[in-house]
$ cat final02.txt   # compact mmCIF, C-alpha atoms and all ligand atoms
# COMPACT_ATOMS: atom_id res chain seq x y z
CA MET A 33 115.47 120.86 113.91
CA SER A 34 112.54 119.13 115.61
CA ASN A 35 109.43 117.73 114.00
CA VAL A 36 106.01 116.62 115.18
CA LEU A 37 105.45 112.91 115.77
CA VAL A 38 101.89 111.84 115.01
CA ASN A 39 100.51 108.38 115.64
CA THR A 40 96.86 108.64 114.63
CA ILE A 41 95.13 109.07 111.29
CA ALA A 42 92.78 111.68 112.78
CA GLU A 43 95.66 113.88 113.93
CA VAL A 44 97.54 113.70 110.60
CA ARG A 45 94.38 114.71 108.79
CA ALA A 46 93.76 117.63 111.16
CA ARG A 47 97.34 118.89 110.90
CA VAL A 48 97.48 118.51 107.10
CA ALA A 49 94.13 120.33 106.78
CA ALA A 50 95.52 123.20 108.91
CA ALA A 51 98.67 123.38 106.72
CA ARG A 52 96.51 123.46 103.62
CA ARG A 53 94.31 126.23 105.07
CA ALA A 54 97.53 128.18 105.66
CA GLY A 55 98.19 127.89 101.92
CA ARG A 56 101.01 125.33 102.10
CA SER A 57 101.47 122.51 99.60
CA ILE A 58 101.91 119.04 101.09
CA GLY A 59 104.70 116.62 100.23
CA CYS A 60 104.70 113.04 101.48
CA VAL A 61 107.66 110.66 101.77
CA PRO A 62 106.40 107.15 102.59
CA THR A 63 109.02 104.94 104.25
CA MET A 64 109.36 101.86 106.40
CA GLY A 65 112.00 103.51 108.57
CA ALA A 66 115.62 102.31 108.88
CA LEU A 67 116.35 105.59 107.16
CA HIS A 68 119.50 106.21 105.14
CA ALA A 69 120.80 108.79 102.67
CA GLY A 70 118.51 107.38 99.95
CA HIS A 71 115.49 108.39 102.05
CA GLY A 72 117.33 111.62 102.85
CA ALA A 73 117.36 112.49 99.13
CA LEU A 74 113.57 112.02 99.00
CA MET A 75 113.10 114.25 102.03
CA GLU A 76 115.45 116.93 100.77
CA ARG A 77 113.63 117.01 97.43
CA ALA A 78 110.26 117.24 99.19
CA ARG A 79 111.63 119.97 101.48
CA ALA A 80 112.78 121.98 98.44
CA GLU A 81 109.44 121.62 96.65
CA CYS A 82 106.70 121.65 99.32
CA GLY A 83 105.45 123.93 102.09
CA THR A 84 104.85 121.06 104.52
CA VAL A 85 106.73 117.76 104.43
CA VAL A 86 105.20 114.65 105.99
CA ALA A 87 107.28 111.47 106.28
CA THR A 88 105.52 108.22 107.11
CA ILE A 89 107.25 105.41 108.96
CA PHE A 90 105.36 102.14 108.94
CA VAL A 91 106.69 98.62 108.46
CA ASN A 92 103.85 97.23 106.40
CA PRO A 93 103.26 93.55 107.17
CA ILE A 94 101.15 92.83 104.10
CA GLN A 95 103.99 93.52 101.66
CA PHE A 96 106.34 90.90 103.13
CA ASP A 97 106.13 87.54 101.42
CA VAL A 98 108.27 85.99 104.16
CA GLN A 99 107.28 86.52 107.81
CA ALA A 100 110.89 86.30 109.04
CA ASP A 101 111.81 89.21 106.77
CA TYR A 102 109.08 91.32 108.42
CA ASP A 103 110.16 90.25 111.91
CA ARG A 104 113.81 91.16 111.36
CA TYR A 105 113.17 94.46 109.53
CA ALA A 106 115.24 97.13 111.32
CA ARG A 107 113.16 99.39 113.57
CA ASN A 108 114.66 102.41 115.35
CA LEU A 109 112.12 105.20 115.70
CA PRO A 110 114.26 107.60 117.81
CA ALA A 111 117.09 107.50 115.25
CA ASP A 112 114.60 107.87 112.37
CA LEU A 113 112.95 110.87 114.02
CA ALA A 114 116.31 112.57 114.48
CA PHE A 115 117.12 111.80 110.81
CA CYS A 116 113.84 113.39 109.66
CA GLY A 117 114.43 116.40 111.89
CA GLU A 118 117.85 117.00 110.37
CA ARG A 119 116.26 117.07 106.90
CA GLY A 120 113.57 119.57 107.78
CA VAL A 121 110.62 117.15 107.80
CA ASP A 122 107.68 118.90 109.50
CA MET A 123 105.67 115.89 110.60
CA VAL A 124 106.35 112.17 111.01
CA PHE A 125 103.36 109.84 110.86
CA ALA A 126 104.38 106.61 112.60
CA PRO A 127 101.20 104.65 113.23
CA ALA A 128 100.97 101.43 115.22
CA LEU A 129 99.90 98.29 113.37
CA GLU A 130 96.39 98.55 114.87
CA GLU A 131 95.97 102.10 113.60
CA MET A 132 96.64 101.06 110.00
CA TYR A 133 94.99 97.64 110.18
CA PRO A 134 92.45 97.59 113.03
CA ALA A 135 91.21 94.36 111.44
CA PRO A 136 92.96 92.15 108.89
CA ALA A 137 92.88 93.95 105.53
CA GLY A 138 89.77 93.02 103.54
CA THR A 139 90.36 95.32 100.57
CA PHE A 140 93.43 95.28 98.37
CA VAL A 141 94.79 97.24 95.42
CA ASP A 142 96.20 95.08 92.64
CA VAL A 143 98.22 96.38 89.70
CA PRO A 144 98.67 93.03 87.99
CA GLU A 145 100.05 94.14 84.65
CA THR A 146 102.96 96.12 86.09
CA ALA A 147 103.53 93.65 88.91
CA GLN A 148 103.54 90.56 86.70
CA TYR A 149 107.28 90.02 86.25
CA LEU A 150 110.58 90.56 88.11
CA CYS A 151 109.98 91.23 91.83
CA GLY A 152 106.25 90.65 91.37
CA GLN A 153 106.93 87.17 90.04
CA HIS A 154 109.46 86.26 92.71
CA ARG A 155 107.66 87.85 95.68
CA PRO A 156 104.00 86.85 95.35
CA GLY A 157 101.68 89.41 96.94
CA HIS A 158 104.46 91.94 97.52
CA PHE A 159 103.21 94.67 95.17
CA ARG A 160 99.62 94.11 96.22
CA GLY A 161 100.73 94.89 99.77
CA VAL A 162 102.74 97.92 98.62
CA ALA A 163 99.93 99.34 96.45
CA THR A 164 97.39 98.80 99.21
CA VAL A 165 99.41 100.53 101.94
CA VAL A 166 100.48 103.38 99.64
CA ALA A 167 96.83 103.91 98.65
CA LYS A 168 95.95 104.06 102.36
CA LEU A 169 98.81 106.46 103.14
CA LEU A 170 97.88 108.73 100.24
CA HIS A 171 94.26 108.80 101.43
CA ILE A 172 95.39 109.57 104.96
CA VAL A 173 97.95 112.29 104.19
CA GLN A 174 96.33 113.57 100.97
CA PRO A 175 99.57 115.12 99.68
CA ASP A 176 100.02 117.14 96.51
CA PHE A 177 103.32 115.36 95.85
CA ALA A 178 104.54 111.91 96.89
CA TYR A 179 108.23 110.98 96.65
CA PHE A 180 109.62 107.54 95.80
CA GLY A 181 113.12 106.32 94.95
CA GLU A 182 114.15 104.94 91.56
CA LYS A 183 116.03 102.19 93.32
CA ASP A 184 112.66 100.44 93.71
CA ALA A 185 111.81 101.15 90.09
CA GLN A 186 109.13 98.49 89.70
CA GLN A 187 107.46 99.69 92.90
CA LEU A 188 107.52 103.21 91.46
CA ALA A 189 105.95 101.98 88.20
CA VAL A 190 103.25 100.11 90.16
CA ILE A 191 102.45 103.25 92.18
CA GLU A 192 102.43 105.48 89.09
CA ARG A 193 100.02 103.09 87.38
CA MET A 194 97.76 102.91 90.44
CA VAL A 195 97.68 106.71 90.77
CA GLU A 196 96.88 107.07 87.07
CA ASP A 197 94.25 104.32 86.88
CA LEU A 198 92.48 105.30 90.09
CA ASN A 199 92.74 109.08 89.60
CA PHE A 200 94.56 109.86 92.83
CA PRO A 201 94.97 113.67 93.04
CA VAL A 202 98.72 113.46 93.65
CA SER A 203 101.87 113.92 91.56
CA VAL A 204 104.33 111.08 91.97
CA VAL A 205 107.91 112.34 92.02
CA SER A 206 110.73 109.90 91.30
CA VAL A 207 114.13 110.55 92.85
CA PRO A 208 117.42 109.08 91.52
CA THR A 209 119.11 106.24 93.38
CA VAL A 210 121.79 107.21 95.89
CA ARG A 211 124.91 105.01 95.69
CA GLU A 212 127.98 104.29 97.76
CA ALA A 213 131.29 105.33 96.18
CA ASP A 214 131.71 101.79 94.80
CA GLY A 215 128.29 101.87 93.13
CA LEU A 216 126.24 99.84 95.62
CA ALA A 217 122.74 101.30 95.83
CA LEU A 218 121.83 102.40 99.36
CA SER A 219 119.38 100.06 101.04
CA SER A 220 118.50 99.25 104.62
CA ARG A 221 119.29 95.64 103.68
CA ASN A 222 122.97 96.49 103.12
CA GLU A 223 123.38 96.50 106.90
CA ARG A 224 122.80 92.75 106.91
CA LEU A 225 125.67 91.93 104.55
CA THR A 226 128.76 90.28 105.95
CA ALA A 227 132.08 92.00 105.14
CA GLU A 228 132.67 89.50 102.29
CA GLN A 229 129.17 89.93 100.88
CA ARG A 230 129.55 93.71 101.06
CA ARG A 231 132.76 93.44 99.04
CA ALA A 232 130.96 91.35 96.40
CA ALA A 233 127.77 93.47 96.24
CA PRO A 234 129.00 96.27 93.91
CA ALA A 235 129.00 93.62 91.15
CA LEU A 236 125.26 94.37 90.72
CA TYR A 237 125.97 97.88 89.54
CA ARG A 238 128.95 96.76 87.47
CA ALA A 239 126.73 94.22 85.68
CA LEU A 240 124.02 96.83 85.08
CA GLN A 241 126.59 99.24 83.68
CA SER A 242 127.97 96.54 81.37
CA ALA A 243 124.44 95.93 80.07
CA ARG A 244 123.90 99.62 79.56
CA GLN A 245 127.23 99.90 77.76
CA ALA A 246 126.31 96.99 75.48
CA ILE A 247 123.13 98.86 74.50
CA ALA A 248 125.07 102.08 73.97
CA ASP A 249 127.44 100.06 71.76
CA GLY A 250 124.54 99.04 69.57
CA VAL A 251 123.47 95.63 70.95
CA ARG A 252 119.70 95.26 70.51
CA ASN A 253 119.00 91.65 71.44
CA ALA A 254 118.11 91.46 75.15
CA GLU A 255 119.73 88.04 75.60
CA THR A 256 122.98 89.40 74.15
CA VAL A 257 122.75 92.41 76.47
CA LYS A 258 122.36 90.03 79.43
CA GLY A 259 125.25 87.95 78.12
CA ALA A 260 127.46 91.04 78.30
CA ALA A 261 126.43 91.74 81.89
CA LEU A 262 126.14 88.44 83.68
CA PRO A 263 129.88 87.57 83.85
CA ALA A 264 130.30 90.42 86.39
CA LEU A 265 127.85 88.63 88.68
CA ALA A 266 129.06 85.12 87.89
CA ALA A 267 132.55 86.22 89.00
CA GLU A 268 131.23 86.64 92.55
CA PRO A 269 130.55 83.22 94.11
CA LEU A 270 128.81 84.85 97.10
CA LEU A 271 126.07 86.22 94.84
CA ARG A 272 123.17 84.26 93.33
CA VAL A 273 121.17 85.92 90.56
CA GLU A 274 117.39 85.75 90.94
CA TYR A 275 116.66 87.73 87.78
CA PHE A 276 118.42 90.04 85.39
CA GLU A 277 116.07 91.55 82.82
CA VAL A 278 115.76 94.25 80.20
CA VAL A 279 112.25 95.68 80.52
CA ASP A 280 109.89 98.29 79.18
CA PRO A 281 110.25 101.18 81.67
CA ARG A 282 106.50 101.67 82.14
CA SER A 283 104.99 98.19 81.98
CA PHE A 284 108.01 96.36 83.40
CA HIS A 285 107.46 93.58 80.88
CA PRO A 286 110.70 92.02 79.60
CA VAL A 287 111.57 92.97 76.02
CA ALA A 288 113.24 90.67 73.50
CA GLU A 289 114.72 93.56 71.49
CA VAL A 290 115.75 97.03 72.63
CA ALA A 291 113.77 99.51 70.56
CA GLY A 292 113.50 102.60 72.76
CA GLY A 293 114.14 103.50 76.38
CA VAL A 294 114.51 100.45 78.62
CA ARG A 295 115.21 99.74 82.23
CA ILE A 296 117.69 97.03 83.15
CA ALA A 297 116.82 95.50 86.51
CA THR A 298 118.28 92.80 88.69
CA ALA A 299 117.68 90.99 91.96
CA VAL A 300 120.52 89.07 93.55
CA TRP A 301 120.85 87.08 96.76
CA ALA A 302 123.87 87.46 99.01
CA GLY A 303 123.27 84.70 101.55
CA SER A 304 119.82 85.40 102.99
CA THR A 305 119.86 89.07 101.91
CA ARG A 306 118.10 90.04 98.71
CA LEU A 307 119.50 93.06 96.88
CA ILE A 308 117.85 94.83 93.96
CA ASP A 309 119.12 97.50 91.60
CA ASN A 310 118.40 98.92 88.17
CA VAL A 311 119.51 101.52 85.64
CA PHE A 312 117.55 103.40 83.03
CA CYS A 313 118.80 103.39 79.47
CA PRO A 314 117.15 106.27 77.59
CA ALA A 315 115.88 106.01 74.02
CA GLU A 316 118.72 108.23 72.70
CA GLU A 317 121.26 105.80 74.10
CA SER A 318 119.36 102.80 72.68
CA SER A 319 119.19 104.38 69.26
CA ALA A 320 122.65 106.03 69.17
CA ARG A 321 124.32 103.22 67.21
CA ALA A 322 121.20 101.56 65.74
O1 LIG A 401 109.68 101.56 99.69
C1 LIG A 401 109.22 101.39 100.83
O2 LIG A 401 109.86 101.72 101.83
C2 LIG A 401 107.86 100.76 101.00
O3 LIG A 401 107.63 99.79 100.05
C3 LIG A 401 106.71 101.79 101.02
C4 LIG A 401 106.59 102.53 99.69
C5 LIG A 401 106.94 102.80 102.13
C6 LIG A 401 105.38 101.08 101.28
O4 LIG A 401 105.40 100.40 102.49
$ encode --input "final02.txt" --output "structure tokens"
Amino acid sequence: MSNVLVNTIAEVRARVAAARRAGRSIGCVPTMGALHAGHGALMERARAECGTVVATIFVNPIQFDVQADYDRYARNLPADLAFCGERGVDMVFAPALEEMYPAPAGTFVDVPETAQYLCGQHRPGHFRGVATVVAKLLHIVQPDFAYFGEKDAQQLAVIERMVEDLNFPVSVVSVPTVREADGLALSSRNERLTAEQRRAAPALYRALQSARQAIADGVRNAETVKGAALPALAAEPLLRVEYFEVVDPRSFHPVAEVAGGVRIATAVWAGSTRLIDNVFCPAEESSARA
């Protein structure tokens, strides 16, 4: 199936307005390209729920805290367009840098409370860049629904908070993480892993599952939960833990005691590749043995 490639803000707006006049709801899937089955799940969900599906492909420079990471980010527009076409995306907005930032950005969106810890702490400016570009994309596309993956759970929480605080007229839809058979969460960064690092990487999910199991078994102290999980990561010398935290699922502030639903989140380095993952532990599970 083919889709329409649009490079300018004016054309997206005109096409979205026409779709709206025709009575169709608009779903938006913001991406930075390098598309994989995780993005595919977002697109398929949008396709099932919306009359018109717009995917955006833009590698956003202001969310990279390290220039080299921006420079080496995988870019393959023809493959991404084919991927979108196969998933029934109607329109792909792939603007050039100058279209999105004709001048260096002078206005930013900050969500400091949600961005304070975890990735926000270790990647200064990252969530400010994400919130700013997502705000721009939502203003440009003006969708009814916007789709984001739970794999980037703190990003999702930042966007939900921004949408709520600034009254964006959009419903944010979260879509479960897609995993390889061995548990590794799909990410465009997985491509950069060496064969040995790839073999070690499923330890992230094993550690998260151990933490979740500890909570299900009745452990309430967050340090004890971490103690149950970290050996799975320590057993892999190729991995270096940046953080492993038990957090409130909305604020993303670390908790000392588990007293309701929590998210367990981790960031781990495999050489120069940073991997993140998380699992949600619902309140029922946290209270089952309390
Ligand atoms: O998750 C991503 O791919 C990016 O952070 C996003 C939301 C498209 C903003 O650039």
$ atom_distance --input "final02.txt" --atom1 "CA of Leu113 (chain A)" --atom2 "CA of Met132 (chain A)"
19.5 Å
$ closest_residue --input "final02.txt" --among "A:His68, A:Gly181, A:Glu131, A:Arg155" --to "ligand LIG 401 (chain A)" --atoms "all atoms listed in the file"
A:Gly181
$ closest_atom_pairs --input "final02.txt" --of "chain A" --to "ligand LIG 401 (chain A)" --cutoff "8 Å" --atoms "only C-alpha atoms and all ligand atoms" --output "Markdown table"
| residue | atom | partner | partner_atom | distance |
| --- | --- | --- | --- | --- |
| A:Val61 | CA | A:LIG401 | C5 | 7.9 |
| A:Pro62 | CA | A:LIG401 | C5 | 4.4 |
| A:Thr63 | CA | A:LIG401 | C5 | 3.7 |
| A:Met64 | CA | A:LIG401 | O2 | 4.6 |
| A:Gly65 | CA | A:LIG401 | O2 | 7.3 |
| A:Thr88 | CA | A:LIG401 | C5 | 7.5 |
| A:Ile89 | CA | A:LIG401 | C5 | 7.3 |
| A:Phe90 | CA | A:LIG401 | O4 | 6.7 |
| A:Val91 | CA | A:LIG401 | O4 | 6.4 |
| A:Asn92 | CA | A:LIG401 | O4 | 5.3 |
| A:Gln95 | CA | A:LIG401 | O4 | 7.1 |
| A:Gly161 | CA | A:LIG401 | O4 | 7.7 |
| A:Val162 | CA | A:LIG401 | C6 | 4.9 |
| A:Ala163 | CA | A:LIG401 | C6 | 7.5 |
| A:Val165 | CA | A:LIG401 | O4 | 6.0 |
| A:Val166 | CA | A:LIG401 | C6 | 5.7 |
| A:Phe180 | CA | A:LIG401 | C4 | 7.0 |
| A:Gly181 | CA | A:LIG401 | O1 | 7.5 |
| A:Asp184 | CA | A:LIG401 | O1 | 6.8 |
| A:Gln187 | CA | A:LIG401 | O3 | 7.2 |
$ residues_near_point --input "final02.txt" --point "(105.8, 112.4, 115.5)" --cutoff "7 Å" --atoms "all atoms listed in the file" --output "PyMOL selection string"
chain A and resi 35-39+123-126
$ residues_around --input "final02.txt" --residues "Val287 (chain A)" --least-positions-apart "4" --cutoff "9 Å" --atoms "only C-alpha atoms" --output "JSON, numbers by chain"
{"A": [253, 254, 277, 278, 279, 280, 291, 294]}
$ atom_distance --input "final02.txt" --atom1 "CA of Val210 (chain A)" --atom2 "CA of Gly72 (chain A)"
9.4 Å
$ closest_residue --input "final02.txt" --among "A:Tyr149, A:Tyr105, A:Phe159, A:Tyr179" --to "Gly70 (chain A)" --atoms "only C-alpha atoms"
A:Tyr179
$ closest_residue --input "final02.txt" --among "A:Ala51, A:Leu262, A:Val251, A:Leu236" --to "Arg306 (chain A)" --atoms "all atoms listed in the file"
A:Leu236
$ closest_residue --input "final02.txt" --among "A:Lys168, A:His71, A:Arg107, A:Arg295" --to "Ser219 (chain A)" --atoms "all atoms listed in the file"
A:His71
$ atom_distance --input "final02.txt" --atom1 "CA of Lys258 (chain A)" --atom2 "CA of Arg230 (chain A)"
23.1 Å
$ closest_residue --input "final02.txt" --among "A:Val195, A:His171, A:Tyr133, A:Ile296" --to "Leu240 (chain A)" --atoms "only C-alpha atoms"
A:Ile296
$ residues_around --input "final02.txt" --residues "Arg221 (chain A)" --least-positions-apart "4" --cutoff "8 Å" --atoms "all atoms listed in the file" --output "PDB file with C-alpha atoms, in the frame of the given file"
ATOM      1  CA  LEU A 225     125.670  91.930 104.550  1.00  0.00           C
ATOM      2  CA  THR A 305     119.860  89.070 101.910  1.00  0.00           C
ATOM      3  CA  ARG A 306     118.100  90.040  98.710  1.00  0.00           C
ATOM      4  CA  LEU A 307     119.500  93.060  96.880  1.00  0.00           C
TER       5      LEU A 307
END
$ decode --input "final02.txt" --residues "region 250-269 of chain A" --atoms "N, CA and C atoms" --output "JSON list (two decimals), in the first residue's frame"
[["chain", "number", "residue", "atom", "x", "y", "z"],
["A", 250, "GLY", "N", 5.69, -10.00, 47.84],
["A", 250, "GLY", "CA", 5.41, -9.27, 49.08],
["A", 250, "GLY", "C", 6.50, -8.31, 49.53],
["A", 251, "VAL", "N", 7.60, -8.20, 48.78],
["A", 251, "VAL", "CA", 8.66, -7.26, 49.18],
["A", 251, "VAL", "C", 8.14, -5.83, 48.96],
["A", 252, "ARG", "N", 8.33, -4.97, 49.93],
["A", 252, "ARG", "CA", 7.82, -3.60, 49.83],
["A", 252, "ARG", "C", 8.93, -2.56, 49.80],
["A", 253, "ASN", "N", 10.08, -2.90, 50.35],
["A", 253, "ASN", "CA", 11.18, -1.95, 50.40],
["A", 253, "ASN", "C", 11.87, -1.90, 49.03],
["A", 254, "ALA", "N", 11.98, -0.69, 48.47],
["A", 254, "ALA", "CA", 12.49, -0.57, 47.09],
["A", 254, "ALA", "C", 13.94, -1.06, 46.99],
["A", 255, "GLU", "N", 14.74, -0.80, 48.03],
["A", 255, "GLU", "CA", 16.14, -1.26, 47.98],
["A", 255, "GLU", "C", 16.19, -2.78, 47.94],
["A", 256, "THR", "N", 15.29, -3.43, 48.67],
["A", 256, "THR", "CA", 15.26, -4.90, 48.68],
["A", 256, "THR", "C", 14.80, -5.42, 47.32],
["A", 257, "VAL", "N", 13.84, -4.71, 46.73],
["A", 257, "VAL", "CA", 13.38, -5.09, 45.38],
["A", 257, "VAL", "C", 14.56, -5.03, 44.42],
["A", 258, "LYS", "N", 15.32, -3.93, 44.50],
["A", 258, "LYS", "CA", 16.49, -3.77, 43.60],
["A", 258, "LYS", "C", 17.51, -4.87, 43.88],
["A", 259, "GLY", "N", 17.68, -5.19, 45.14],
["A", 259, "GLY", "CA", 18.63, -6.23, 45.54],
["A", 259, "GLY", "C", 18.29, -7.57, 44.91],
["A", 260, "ALA", "N", 16.97, -7.80, 44.71],
["A", 260, "ALA", "CA", 16.54, -9.07, 44.11],
["A", 260, "ALA", "C", 16.80, -9.08, 42.60],
["A", 261, "ALA", "N", 16.90, -7.88, 42.03],
["A", 261, "ALA", "CA", 16.97, -7.78, 40.56],
["A", 261, "ALA", "C", 18.39, -7.63, 40.03],
["A", 262, "LEU", "N", 19.21, -6.89, 40.77],
["A", 262, "LEU", "CA", 20.50, -6.49, 40.21],
["A", 262, "LEU", "C", 21.47, -7.63, 39.91],
["A", 263, "PRO", "N", 21.41, -8.76, 40.64],
["A", 263, "PRO", "CA", 22.33, -9.86, 40.29],
["A", 263, "PRO", "C", 22.22, -10.29, 38.82],
["A", 264, "ALA", "N", 21.01, -10.22, 38.25],
["A", 264, "ALA", "CA", 20.85, -10.62, 36.83],
["A", 264, "ALA", "C", 21.69, -9.72, 35.93],
["A", 265, "LEU", "N", 21.83, -8.46, 36.30],
["A", 265, "LEU", "CA", 22.63, -7.54, 35.49],
["A", 265, "LEU", "C", 24.12, -7.67, 35.83],
["A", 266, "ALA", "N", 24.39, -7.85, 37.13],
["A", 266, "ALA", "CA", 25.79, -7.97, 37.55],
["A", 266, "ALA", "C", 26.44, -9.21, 36.93],
["A", 267, "ALA", "N", 25.62, -10.20, 36.61],
["A", 267, "ALA", "CA", 26.16, -11.45, 36.02],
["A", 267, "ALA", "C", 26.64, -11.24, 34.58],
["A", 268, "GLU", "N", 26.34, -10.08, 34.01],
["A", 268, "GLU", "CA", 26.74, -9.82, 32.62],
["A", 268, "GLU", "C", 27.83, -8.75, 32.59],
["A", 269, "PRO", "N", 29.09, -9.14, 32.48],
["A", 269, "PRO", "CA", 30.18, -8.15, 32.54],
["A", 269, "PRO", "C", 30.14, -7.13, 31.41]]
